[in-house]
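One file, model_10.tsv, is given below (TSV, C-alpha atoms (C1' of nucleotides)).
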```tsv
chain	number	residue	atom	x	y	z
Z	20	MET	CA	51.14	123.04	74.51
Z	21	LYS	CA	52.21	119.73	73.20
Z	22	ILE	CA	50.96	118.83	69.82
Z	23	ALA	CA	49.86	115.29	69.58
Z	24	ILE	CA	51.30	113.52	66.62
Z	25	VAL	CA	48.67	111.28	65.29
Z	26	HIS	CA	49.47	108.97	62.49
Z	27	HIS	CA	47.19	109.44	59.60
Z	28	PRO	CA	45.92	105.96	58.86
Z	29	GLU	CA	47.73	105.79	55.56
Z	30	THR	CA	51.09	106.64	57.06
Z	31	THR	CA	51.41	103.90	59.64
Z	32	PRO	CA	54.43	101.71	58.97
Z	33	LYS	CA	52.24	98.73	58.28
Z	34	ILE	CA	50.20	100.53	55.68
Z	35	LEU	CA	53.30	101.99	54.14
Z	36	ALA	CA	54.74	98.52	53.81
Z	37	ALA	CA	51.55	97.34	52.22
Z	38	GLN	CA	51.64	100.23	49.80
Z	39	ARG	CA	55.21	99.37	48.90
Z	40	MET	CA	54.13	95.84	48.22
Z	41	SER	CA	51.33	96.98	46.00
Z	42	GLU	CA	53.76	99.22	44.14
Z	43	LYS	CA	56.02	96.24	43.67
Z	44	ASP	CA	53.11	94.12	42.50
Z	45	LYS	CA	52.22	96.75	39.94
Z	46	LEU	CA	55.76	96.76	38.62
Z	47	SER	CA	55.91	93.00	38.47
Z	48	SER	CA	53.31	93.05	35.72
Z	49	PHE	CA	55.76	94.80	33.38
Z	50	THR	CA	57.39	92.46	30.89
Z	51	CYS	CA	60.64	94.42	31.08
Z	52	MET	CA	61.09	93.49	34.75
Z	53	TYR	CA	61.66	89.87	33.77
Z	54	GLY	CA	62.38	89.85	30.07
Z	55	GLY	CA	62.68	86.54	28.35
Z	56	THR	CA	65.15	84.61	26.28
Z	57	GLY	CA	62.81	83.91	23.41
Z	58	LYS	CA	64.25	80.43	23.29
Z	59	MET	CA	61.33	78.39	22.21
Z	60	HIS	CA	62.56	74.87	22.73
Z	61	LYS	CA	61.43	72.48	20.13
Z	62	ASP	CA	60.00	70.50	23.01
Z	63	ASN	CA	57.89	73.34	24.40
Z	64	PRO	CA	54.65	71.52	25.17
Z	65	ASN	CA	52.60	74.53	24.06
Z	66	ARG	CA	54.30	75.04	20.71
Z	67	HIS	CA	51.23	74.17	18.68
Z	68	THR	CA	48.98	76.45	20.73
Z	69	ILE	CA	51.56	79.21	20.42
Z	70	ASP	CA	51.76	78.76	16.67
Z	71	ILE	CA	48.01	79.06	16.22
Z	72	LEU	CA	47.69	82.04	18.56
Z	73	GLN	CA	50.58	83.67	16.71
Z	74	GLN	CA	48.68	83.34	13.45
Z	75	MET	CA	45.52	84.64	15.05
Z	76	GLY	CA	47.36	87.71	16.36
Z	77	GLU	CA	48.99	88.29	13.00
Z	78	TYR	CA	45.61	88.02	11.33
Z	79	TYR	CA	44.16	90.75	13.55
Z	80	ALA	CA	47.20	92.91	12.85
Z	81	GLN	CA	46.78	92.38	9.13
Z	82	ILE	CA	43.18	93.46	9.11
Z	83	GLY	CA	44.01	96.47	11.25
Z	84	VAL	CA	42.26	95.60	14.48
Z	85	PRO	CA	43.91	97.72	17.18
Z	86	TRP	CA	45.34	96.31	20.44
Z	87	LYS	CA	44.36	92.70	19.94
Z	88	PRO	CA	47.69	91.82	18.30
Z	89	GLN	CA	49.53	93.13	21.35
Z	90	ALA	CA	47.27	91.19	23.66
Z	91	TYR	CA	48.02	88.02	21.69
Z	92	GLN	CA	51.74	88.72	21.83
Z	93	LYS	CA	51.60	89.04	25.59
Z	94	ALA	CA	49.61	85.85	25.95
Z	95	ILE	CA	52.12	84.05	23.75
Z	96	GLY	CA	54.95	85.43	25.86
Z	97	THR	CA	53.36	83.81	28.89
Z	98	LEU	CA	52.99	80.43	27.19
Z	99	LYS	CA	56.57	80.47	25.96
Z	100	LYS	CA	57.90	80.56	29.49
Z	101	LEU	CA	55.92	77.52	30.61
Z	102	GLU	CA	57.21	73.99	30.82
Z	103	VAL	CA	53.84	72.36	31.20
Z	104	LYS	CA	51.15	71.97	28.60
Z	105	ILE	CA	48.06	74.07	29.14
Z	106	ASP	CA	45.09	72.30	27.64
Z	107	CYS	CA	41.98	73.52	29.40
Z	108	PHE	CA	40.20	76.77	30.12
Z	109	GLU	CA	40.63	76.53	33.88
Z	110	ASP	CA	44.41	76.23	33.74
Z	111	ALA	CA	44.76	78.86	31.05
Z	112	ILE	CA	42.67	81.54	32.70
Z	113	ARG	CA	44.91	81.53	35.78
Z	114	LEU	CA	47.90	82.67	33.77
Z	115	PRO	CA	48.92	86.32	33.41
Z	116	ASN	CA	47.89	88.00	30.16
Z	117	ILE	CA	45.42	85.25	29.39
Z	118	GLY	CA	41.79	86.16	29.86
Z	119	THR	CA	38.47	84.56	29.05
Z	120	ARG	CA	38.68	84.89	25.29
Z	121	ILE	CA	42.17	83.53	24.80
Z	122	ALA	CA	41.67	80.82	27.43
Z	123	LYS	CA	38.68	79.58	25.42
Z	124	LYS	CA	40.75	79.57	22.27
Z	125	ILE	CA	43.52	77.62	23.99
Z	126	GLU	CA	41.00	74.98	24.98
Z	127	GLU	CA	39.63	74.83	21.44
Z	128	ILE	CA	43.12	74.47	20.00
Z	129	CYS	CA	43.95	71.65	22.40
Z	130	THR	CA	40.74	69.72	21.89
Z	131	THR	CA	40.24	70.17	18.13
Z	132	GLY	CA	43.77	70.92	16.99
Z	133	HIS	CA	42.80	74.20	15.36
Z	134	LEU	CA	40.80	77.43	15.58
Z	135	ARG	CA	37.75	77.76	13.40
Z	136	THR	CA	37.87	81.54	13.29
Z	137	LEU	CA	41.44	81.37	12.01
Z	138	ASP	CA	40.69	78.68	9.45
Z	139	ASN	CA	37.87	80.75	8.01
Z	140	ALA	CA	40.00	83.87	7.91
Z	141	LEU	CA	42.90	82.22	6.15
Z	142	ALA	CA	40.64	80.55	3.60
Z	143	ASP	CA	39.66	83.98	2.28
Z	144	PRO	CA	41.54	84.61	-1.00
Z	145	THR	CA	41.33	88.35	-0.47
Z	146	HIS	CA	43.31	87.90	2.71
Z	147	LYS	CA	46.03	86.04	0.87
Z	148	THR	CA	46.43	89.06	-1.39
Z	149	LEU	CA	46.44	91.34	1.63
Z	150	GLN	CA	49.24	89.30	3.19
Z	151	LEU	CA	51.20	89.52	-0.06
Z	152	PHE	CA	50.89	93.29	-0.31
Z	153	LEU	CA	51.57	93.98	3.36
Z	154	ARG	CA	54.99	92.41	3.08
Z	155	ILE	CA	56.07	95.09	0.64
Z	156	TYR	CA	58.36	97.60	2.30
Z	157	GLY	CA	56.54	100.94	2.42
Z	158	VAL	CA	53.09	99.43	2.08
Z	159	GLY	CA	50.66	99.33	4.96
Z	160	LEU	CA	47.01	98.50	5.44
Z	161	SER	CA	45.70	101.62	3.82
Z	162	GLN	CA	47.58	101.21	0.55
Z	163	ALA	CA	47.09	97.45	0.45
Z	164	HIS	CA	43.33	97.86	0.81
Z	165	LYS	CA	43.20	100.43	-1.95
Z	166	TRP	CA	45.01	98.12	-4.31
Z	167	ILE	CA	42.78	95.19	-3.43
Z	168	GLN	CA	39.74	97.39	-3.88
Z	169	ALA	CA	41.05	98.27	-7.33
Z	170	GLY	CA	41.23	94.58	-8.15
Z	171	HIS	CA	44.97	94.03	-8.07
Z	172	LYS	CA	46.07	90.56	-7.13
Z	173	SER	CA	49.76	90.18	-7.83
Z	174	LEU	CA	53.02	92.06	-7.55
Z	175	ASP	CA	53.11	92.22	-11.33
Z	176	ASP	CA	49.76	94.00	-11.28
Z	177	LEU	CA	51.30	96.59	-8.99
Z	178	LEU	CA	54.47	97.01	-11.04
Z	179	ALA	CA	52.31	98.06	-13.95
Z	180	LEU	CA	50.90	100.98	-11.96
Z	181	PRO	CA	52.16	104.36	-13.14
Z	182	ASP	CA	52.01	106.17	-9.81
Z	183	LEU	CA	53.94	103.85	-7.51
Z	184	HIS	CA	55.94	105.71	-4.91
Z	185	LYS	CA	59.70	105.42	-5.23
Z	186	ASN	CA	60.08	103.30	-2.11
Z	187	GLN	CA	57.13	101.11	-3.01
Z	188	ARG	CA	58.74	100.27	-6.34
Z	189	ILE	CA	61.97	99.34	-4.59
Z	190	GLY	CA	59.98	97.31	-2.09
Z	191	ILE	CA	58.28	95.37	-4.89
Z	192	ASP	CA	61.38	94.96	-7.06
Z	193	HIS	CA	63.17	93.48	-4.06
Z	194	TYR	CA	60.20	91.83	-2.44
Z	195	ASP	CA	61.89	88.46	-2.01
Z	196	ASP	CA	65.18	90.00	-0.92
Z	197	PHE	CA	63.65	92.04	1.87
Z	198	ASN	CA	61.55	89.13	3.04
Z	199	THR	CA	64.52	86.79	3.28
Z	200	ARG	CA	66.12	86.43	6.70
Z	201	ILE	CA	69.79	87.32	6.94
Z	202	PRO	CA	72.06	84.68	8.48
Z	203	ARG	CA	74.04	85.95	11.45
Z	204	ASP	CA	77.35	85.42	9.68
Z	205	GLU	CA	76.25	87.65	6.84
Z	206	VAL	CA	75.15	90.37	9.24
Z	207	THR	CA	78.61	90.18	10.78
Z	208	ALA	CA	80.24	90.40	7.37
Z	209	LEU	CA	78.06	93.30	6.25
Z	210	GLY	CA	78.73	95.01	9.56
Z	211	ASP	CA	82.48	94.62	9.20
Z	212	ILE	CA	82.38	96.46	5.91
Z	213	VAL	CA	80.53	99.38	7.47
Z	214	LYS	CA	82.83	99.44	10.49
Z	215	LYS	CA	85.96	99.46	8.36
Z	216	VAL	CA	84.79	102.37	6.24
Z	217	ALA	CA	83.57	104.23	9.32
Z	218	ALA	CA	86.94	103.86	11.02
Z	219	ASP	CA	88.65	104.97	7.86
Z	220	ILE	CA	86.64	108.18	7.84
Z	221	ASN	CA	86.96	108.99	11.51
Z	222	LEU	CA	88.64	107.03	14.27
Z	223	ASN	CA	86.52	108.65	16.95
Z	224	VAL	CA	83.43	107.01	15.55
Z	225	GLU	CA	81.98	103.82	16.93
Z	226	ALA	CA	79.49	101.77	14.94
Z	227	ILE	CA	77.68	98.90	16.59
Z	228	ILE	CA	75.02	96.57	15.33
Z	229	GLY	CA	71.83	96.57	17.41
Z	230	GLY	CA	68.49	94.96	16.75
Z	231	SER	CA	68.00	91.22	16.82
Z	232	TYR	CA	71.71	90.76	16.08
Z	233	ARG	CA	72.65	92.32	19.39
Z	234	ARG	CA	70.07	90.09	21.03
Z	235	GLY	CA	72.01	87.12	19.71
Z	236	ALA	CA	69.60	86.02	16.99
Z	237	ASP	CA	70.95	83.58	14.42
Z	238	THR	CA	69.04	85.33	11.65
Z	239	SER	CA	67.90	88.94	11.32
Z	240	GLY	CA	65.30	90.72	9.25
Z	241	ASP	CA	67.56	93.71	8.72
Z	242	ILE	CA	70.72	95.35	10.01
Z	243	ASP	CA	70.43	98.11	12.59
Z	244	PHE	CA	73.46	100.30	13.07
Z	245	ILE	CA	73.95	102.72	15.92
Z	246	ILE	CA	76.71	105.17	15.20
Z	247	THR	CA	78.20	107.54	17.70
Z	248	LYS	CA	81.26	109.76	17.97
Z	249	ARG	CA	83.28	110.89	20.97
Z	250	ASN	CA	82.54	114.32	22.38
Z	251	THR	CA	79.33	114.89	20.48
Z	252	ARG	CA	76.27	116.43	22.11
Z	253	SER	CA	73.79	116.58	19.27
Z	254	SER	CA	72.97	114.30	16.37
Z	255	TRP	CA	73.64	117.31	14.19
Z	256	ASP	CA	77.33	116.77	15.02
Z	257	LEU	CA	77.19	113.48	13.16
Z	258	LEU	CA	75.23	114.39	10.05
Z	259	SER	CA	78.26	115.26	7.99
Z	260	PHE	CA	79.88	112.01	9.03
Z	261	LEU	CA	76.77	110.09	8.02
Z	262	GLU	CA	76.74	111.84	4.69
Z	263	THR	CA	80.35	110.86	4.08
Z	264	LEU	CA	79.76	107.31	5.21
Z	265	VAL	CA	76.77	106.87	2.94
Z	266	ALA	CA	78.63	108.42	0.02
Z	267	ARG	CA	81.63	106.16	0.50
Z	268	LEU	CA	79.57	103.00	0.95
Z	269	THR	CA	77.46	103.87	-2.07
Z	270	CYS	CA	80.55	104.51	-4.12
Z	271	ASP	CA	81.93	101.13	-3.06
Z	272	GLY	CA	78.76	99.51	-4.31
Z	273	PHE	CA	77.83	98.38	-0.82
Z	274	LEU	CA	74.79	100.62	-0.41
Z	275	VAL	CA	72.42	100.02	-3.28
Z	276	ALA	CA	69.38	102.14	-2.39
Z	277	ALA	CA	68.34	104.98	-0.10
Z	278	LEU	CA	64.82	104.75	1.29
Z	279	THR	CA	64.74	107.51	3.88
Z	280	VAL	CA	67.35	110.16	4.52
Z	281	PRO	CA	67.54	112.20	7.73
Z	282	ALA	CA	66.09	115.70	7.83
Z	283	SER	CA	68.42	118.52	8.79
Z	284	SER	CA	67.89	117.80	12.46
Z	285	GLY	CA	67.26	114.10	11.92
Z	286	SER	CA	69.23	111.03	12.77
Z	287	LYS	CA	68.02	108.01	10.81
Z	288	TRP	CA	68.94	106.70	7.42
Z	289	HIS	CA	67.13	103.71	5.91
Z	290	GLY	CA	68.24	101.89	2.84
Z	291	ALA	CA	69.55	98.70	1.34
Z	292	CYS	CA	72.95	97.12	0.99
Z	293	ALA	CA	74.46	94.02	-0.54
Z	294	LEU	CA	77.49	91.89	0.08
Z	295	PRO	CA	79.88	91.87	-2.89
Z	296	GLY	CA	78.99	88.91	-5.06
Z	297	ASN	CA	75.68	88.39	-3.32
Z	298	PRO	CA	72.67	89.42	-5.38
Z	299	LEU	CA	70.39	89.70	-2.35
Z	300	TRP	CA	69.57	93.21	-1.19
Z	301	ARG	CA	69.40	93.62	2.58
Z	302	ARG	CA	67.62	96.29	4.55
Z	303	ILE	CA	70.01	98.40	6.58
Z	304	ASP	CA	69.35	101.27	9.00
Z	305	PHE	CA	71.74	103.80	10.45
Z	306	LEU	CA	70.90	105.75	13.59
Z	307	VAL	CA	73.43	108.46	14.37
Z	308	VAL	CA	73.50	109.59	17.97
Z	309	PRO	CA	75.69	111.87	20.03
Z	310	GLU	CA	77.65	110.30	22.84
Z	311	THR	CA	75.20	111.86	25.31
Z	312	GLU	CA	72.33	109.83	23.85
Z	313	PHE	CA	74.16	106.62	23.13
Z	314	GLY	CA	72.71	104.57	25.99
Z	315	ALA	CA	69.12	105.47	25.21
Z	316	ALA	CA	69.67	104.83	21.52
Z	317	LEU	CA	71.23	101.47	22.24
Z	318	LEU	CA	68.28	100.54	24.43
Z	319	TYR	CA	65.87	101.61	21.72
Z	320	PHE	CA	67.66	99.91	18.83
Z	321	THR	CA	68.23	96.71	20.78
Z	322	GLY	CA	64.56	96.15	21.59
Z	323	ASP	CA	62.76	93.91	21.17
Z	324	ASP	CA	59.71	96.05	20.53
Z	325	ILE	CA	57.72	94.41	23.34
Z	326	PHE	CA	60.55	95.14	25.74
Z	327	ASN	CA	60.75	98.75	24.55
Z	328	ARG	CA	57.06	99.35	24.95
Z	329	SER	CA	57.04	97.75	28.34
Z	330	ILE	CA	59.93	99.79	29.71
Z	331	ARG	CA	58.57	103.00	28.19
Z	332	LEU	CA	55.19	102.36	29.73
Z	333	LEU	CA	56.88	101.74	33.08
Z	334	ALA	CA	58.69	105.06	32.73
Z	335	SER	CA	55.47	106.90	32.02
Z	336	LYS	CA	53.83	105.37	35.09
Z	337	LYS	CA	56.66	106.89	37.11
Z	338	ASN	CA	55.97	110.27	35.62
Z	339	MET	CA	58.97	109.89	33.37
Z	340	ARG	CA	59.45	109.45	29.65
Z	341	LEU	CA	61.83	107.20	27.76
Z	342	ASN	CA	62.66	107.66	24.10
Z	343	GLN	CA	65.67	107.04	21.85
Z	344	LYS	CA	67.39	110.13	23.26
Z	345	GLY	CA	67.10	109.62	26.96
Z	346	LEU	CA	65.15	109.23	30.15
Z	347	TYR	CA	63.32	112.34	31.31
Z	348	LYS	CA	61.68	113.08	34.65
Z	349	ASP	CA	58.89	115.37	35.81
Z	350	VAL	CA	56.93	114.96	32.62
Z	351	LEU	CA	53.61	116.72	32.92
Z	352	ARG	CA	50.63	115.05	31.35
Z	353	THR	CA	46.96	115.87	31.14
Z	354	PHE	CA	44.44	113.59	32.74
Z	355	GLY	CA	44.13	111.99	29.37
Z	356	ARG	CA	47.92	111.37	29.55
Z	357	GLU	CA	48.56	113.82	26.75
Z	358	LYS	CA	52.05	115.19	27.15
Z	359	LEU	CA	52.28	118.81	28.31
Z	360	SER	CA	55.99	119.16	29.03
Z	361	GLU	CA	59.08	117.39	27.84
Z	362	GLY	CA	60.43	116.90	31.34
Z	363	THR	CA	64.08	117.24	32.23
Z	364	LEU	CA	66.75	114.88	31.00
Z	365	VAL	CA	67.99	112.47	33.64
Z	366	GLU	CA	70.19	110.10	31.63
Z	367	GLY	CA	70.91	109.38	28.00
Z	368	GLY	CA	74.48	108.19	27.67
Z	369	ASP	CA	74.53	105.06	29.78
Z	370	GLU	CA	72.20	102.16	29.10
Z	371	ARG	CA	72.70	100.58	32.54
Z	372	LYS	CA	71.95	103.82	34.36
Z	373	ILE	CA	68.64	104.07	32.58
Z	374	PHE	CA	67.69	100.63	33.87
Z	375	ASP	CA	68.82	101.61	37.37
Z	376	LEU	CA	66.92	104.87	37.41
Z	377	LEU	CA	63.76	103.04	36.39
Z	378	GLY	CA	64.28	100.28	38.95
Z	379	VAL	CA	64.44	97.69	36.20
Z	380	PRO	CA	67.01	94.95	36.79
Z	381	TRP	CA	69.70	95.14	34.16
Z	382	ARG	CA	69.56	92.35	31.63
Z	383	PRO	CA	71.81	91.55	28.72
Z	384	PRO	CA	70.32	91.92	25.23
Z	385	HIS	CA	69.63	88.21	24.79
Z	386	GLU	CA	67.27	88.40	27.76
Z	387	ARG	CA	65.22	91.15	26.18
Z	388	ILE	CA	63.42	88.81	23.83
Z	389	CYS	CA	59.84	89.08	24.99
Z	390	ARG	CA	57.95	87.90	21.93
C	10	DT	C1'	35.65	101.21	31.30
C	11	DG	C1'	39.78	103.58	29.54
C	12	DG	C1'	44.46	102.82	28.31
C	13	DC	C1'	47.70	100.33	25.65
C	14	DA	C1'	55.44	103.75	23.58
C	15	DA	C1'	57.13	107.30	21.40
C	16	DT	C1'	59.10	109.32	17.60
C	17	DA	C1'	61.01	110.18	12.40
C	18	DC	C1'	60.38	110.49	7.53
C	19	DT	C1'	57.45	110.49	2.93
C	20	DG	C1'	54.24	112.38	-0.27
B	8	DC	C1'	48.02	115.72	7.40
B	9	DA	C1'	47.71	110.31	7.01
B	10	DG	C1'	50.46	106.58	6.29
B	11	DT	C1'	54.45	103.84	7.17
B	12	DA	C1'	58.39	102.81	9.59
B	13	DT	C1'	61.50	101.87	13.76
E	25	DG	C1'	42.16	91.28	24.17
E	26	DC	C1'	43.95	92.00	28.87
E	27	DC	C1'	44.46	94.60	33.04
E	28	DA	C1'	44.08	98.02	36.81
```
Would you kindly transcribe this structure into structure tokens?
Amino acid sequence: MKIAIVHHPETTPKILAAQRMSEKDKLSSFTCMYGGTGKMHKDNPNRHTIDILQQMGEYYAQIGVPWKPQAYQKAIGTLKKLEVKIDCFEDAIRLPNIGTRIAKKIEEICTTGHLRTLDNALADPTHKTLQLFLRIYGVGLSQAHKWIQAGHKSLDDLLALPDLHKNQRIGIDHYDDFNTRIPRDEVTALGDIVKKVAADINLNVEAIIGGSYRRGADTSGDIDFIITKRNTRSSWDLLSFLETLVARLTCDGFLVAALTVPASSGSKWHGACALPGNPLWRRIDFLVVPETEFGAALLYFTGDDIFNRSIRLLASKKNMRLNQKGLYKDVLRTFGREKLSEGTLVEGGDERKIFDLLGVPWRPPHERICR
DNA sequence: TGGCAATACTG
DNA sequence: CAGTAT
DNA sequence: GCCA
């Protein structure tokens, strides 16, 4: 007897095509699929709107409101790509990542020149103090609030405290240093010193500068080093090298403070360095990675953070997981998306392959500026 | 209306 | 663990 | 705050 093959409605070619389209549409909403150059031309017609929304987002971040800052960042990302001025609710609301609330604010900004909610917020003297304290390395909302609650108003007030944590004291002592942008040329010069010493210790080691520097920025907030060594399969293989490197650079007077040191199985070192003859302390981070994780580490340390979050979210939607060590597949999660299994490693060594496996078009670092 | 990245180090 | 950092 |  012949068995009739009946297409289930959802498997007809037409429907399948439609489903593929909807898959594609879903993916197109991920920032990482398009990236951005971050080049905000001085003539961007929305620069004033962007500036105000930026402050509004920062304000929410500073008072610890969850998720809104990210929403503002995404909205700003949309405006930055435009070449036309958006000055009314109707035009704004059509744009991706701009909903009712932000569209209203855009209209207010364009008609009055400012945002009343923001003006009120920034007029609050307590908030000024909060902003001051939050820019201390090692100080977050929780600590800043406690200090404000206790009546402290200045960095000098804090320096008089007997129970400051080690890193907090460094953060305050070098408050201005750490909050001063580093010109690209200086990052290059600082990097050359590290590279020279690294090569002197072990020729199989490669040290590259990631972060905003790799994205082509002309100033950076800190220096992010990714260090790898040929034929290594675990970051443990690099810990002794890192120890030697840090010792040598400290001895040379280049490294001037250690803020965090890797655990026995760890991989990151945070601290400060200074160019000979330059009194400014600069934040510097080392991430040591085995060759097998180099691509994932590079992706992670190149950022920007919006790009990272976007591509990691995309991975998780595909039942995968992306972290600084690699891309994993078959990750099991609960209905609440809580992770149940690590998944199996698919790729870690090659940055391009990770893009490919995720279906994300490769883009050079300077096109990963999404904020 | 629920989800929004994922992980390392300090105290 | 909560907090801070990337 | 925005989006699926």
Would you mind listing, for every residue of chain Z within 12 Å of chain B, the two atoms forming the shortest contact and the distance between them in Å to one decimal, using only C-alpha atoms (C1' of nucleotides), sorted by chain and ascending residue number, as CSV?
```
residue,atom,partner,partner_atom,distance
Z:Leu153,CA,B:DT11,C1',11.0
Z:Ile155,CA,B:DT11,C1',11.0
Z:Tyr156,CA,B:DT11,C1',8.8
Z:Gly157,CA,B:DT11,C1',5.9
Z:Val158,CA,B:DT11,C1',6.9
Z:Gly159,CA,B:DT11,C1',6.3
Z:Leu160,CA,B:DG10,C1',8.8
Z:Ser161,CA,B:DG10,C1',7.3
Z:Gln162,CA,B:DG10,C1',8.4
Z:Ala163,CA,B:DG10,C1',11.3
Z:Asn186,CA,B:DT11,C1',10.9
Z:Gln187,CA,B:DT11,C1',10.9
Z:Gly230,CA,B:DT13,C1',10.3
Z:Asp241,CA,B:DT13,C1',11.3
Z:Ile242,CA,B:DT13,C1',11.9
Z:Asp243,CA,B:DT13,C1',9.8
Z:Leu278,CA,B:DA12,C1',10.7
Z:Thr279,CA,B:DA12,C1',9.7
Z:Lys287,CA,B:DT13,C1',9.4
Z:Trp288,CA,B:DT13,C1',10.9
Z:His289,CA,B:DA12,C1',9.5
Z:Gly290,CA,B:DA12,C1',12.0
Z:Ile303,CA,B:DT13,C1',11.7
Z:Asp304,CA,B:DT13,C1',9.2
Z:Phe305,CA,B:DT13,C1',10.9
Z:Leu306,CA,B:DT13,C1',10.2
Z:Ala316,CA,B:DT13,C1',11.7
Z:Tyr319,CA,B:DT13,C1',9.1
Z:Phe320,CA,B:DT13,C1',8.2
Z:Thr321,CA,B:DT13,C1',11.0
Z:Gly322,CA,B:DT13,C1',10.2
Z:Asp323,CA,B:DT13,C1',10.9
Z:Asp324,CA,B:DT13,C1',9.1
Z:Asn327,CA,B:DT13,C1',11.3
Z:Asn342,CA,B:DT13,C1',11.9
Z:Gln343,CA,B:DT13,C1',10.5
```
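At a cut-off of 12 Å from (37.9, 80.1, 11.4), the residue set is Ile71, Gln74, Met75, Tyr78, Lys124, Glu127, Ile128, His133, Leu134, Arg135, Thr136, Leu137, Asp138, Asn139, Ala140, Leu141, Ala142 and Asp143 of chain Z (counting all atoms listed in the file).
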Pull out every residue of chain C sitting within 8 Å of chain Z, counting all atoms listed in the file, and send them as a JSON list (two decimals) with C-alpha atoms (C1' of nucleotides), in the coordinates of the input.
```json
[["chain", "number", "residue", "atom", "x", "y", "z"],
["C", 13, "DC", "C1'", 47.70, 100.33, 25.65],
["C", 14, "DA", "C1'", 55.44, 103.75, 23.58],
["C", 15, "DA", "C1'", 57.13, 107.30, 21.40],
["C", 16, "DT", "C1'", 59.10, 109.32, 17.60],
["C", 17, "DA", "C1'", 61.01, 110.18, 12.40],
["C", 18, "DC", "C1'", 60.38, 110.49, 7.53],
["C", 19, "DT", "C1'", 57.45, 110.49, 2.93]]
```
May I have the residues within 12 Å of DC27 in chain E as a PyMOL selection string, using all atoms listed in the file and disregarding those fewer than 2 positions away in the same chain?
-> (chain Z and resi 45+48-49+90+93+115-118) or (chain C and resi 10-13) or (chain E and resi 25)
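Our summary of the geometry notes that CA of Gly314 in chain Z is positioned 19.9 Å from CA of Leu222 in chain Z.
Taking CA of Gly229 in chain Z and CA of Val275 in chain Z as the two end points, the separation is 21.0 Å.
Proximity ranking of Z:Thr68, Z:Lys337, Z:Tyr347, Z:Thr56 relative to Gly132 in chain Z places Z:Thr68 first, based on all atoms listed in the file.
CA of Pro384 in chain Z sits 22.0 Å away from CA of Lys61 in chain Z.
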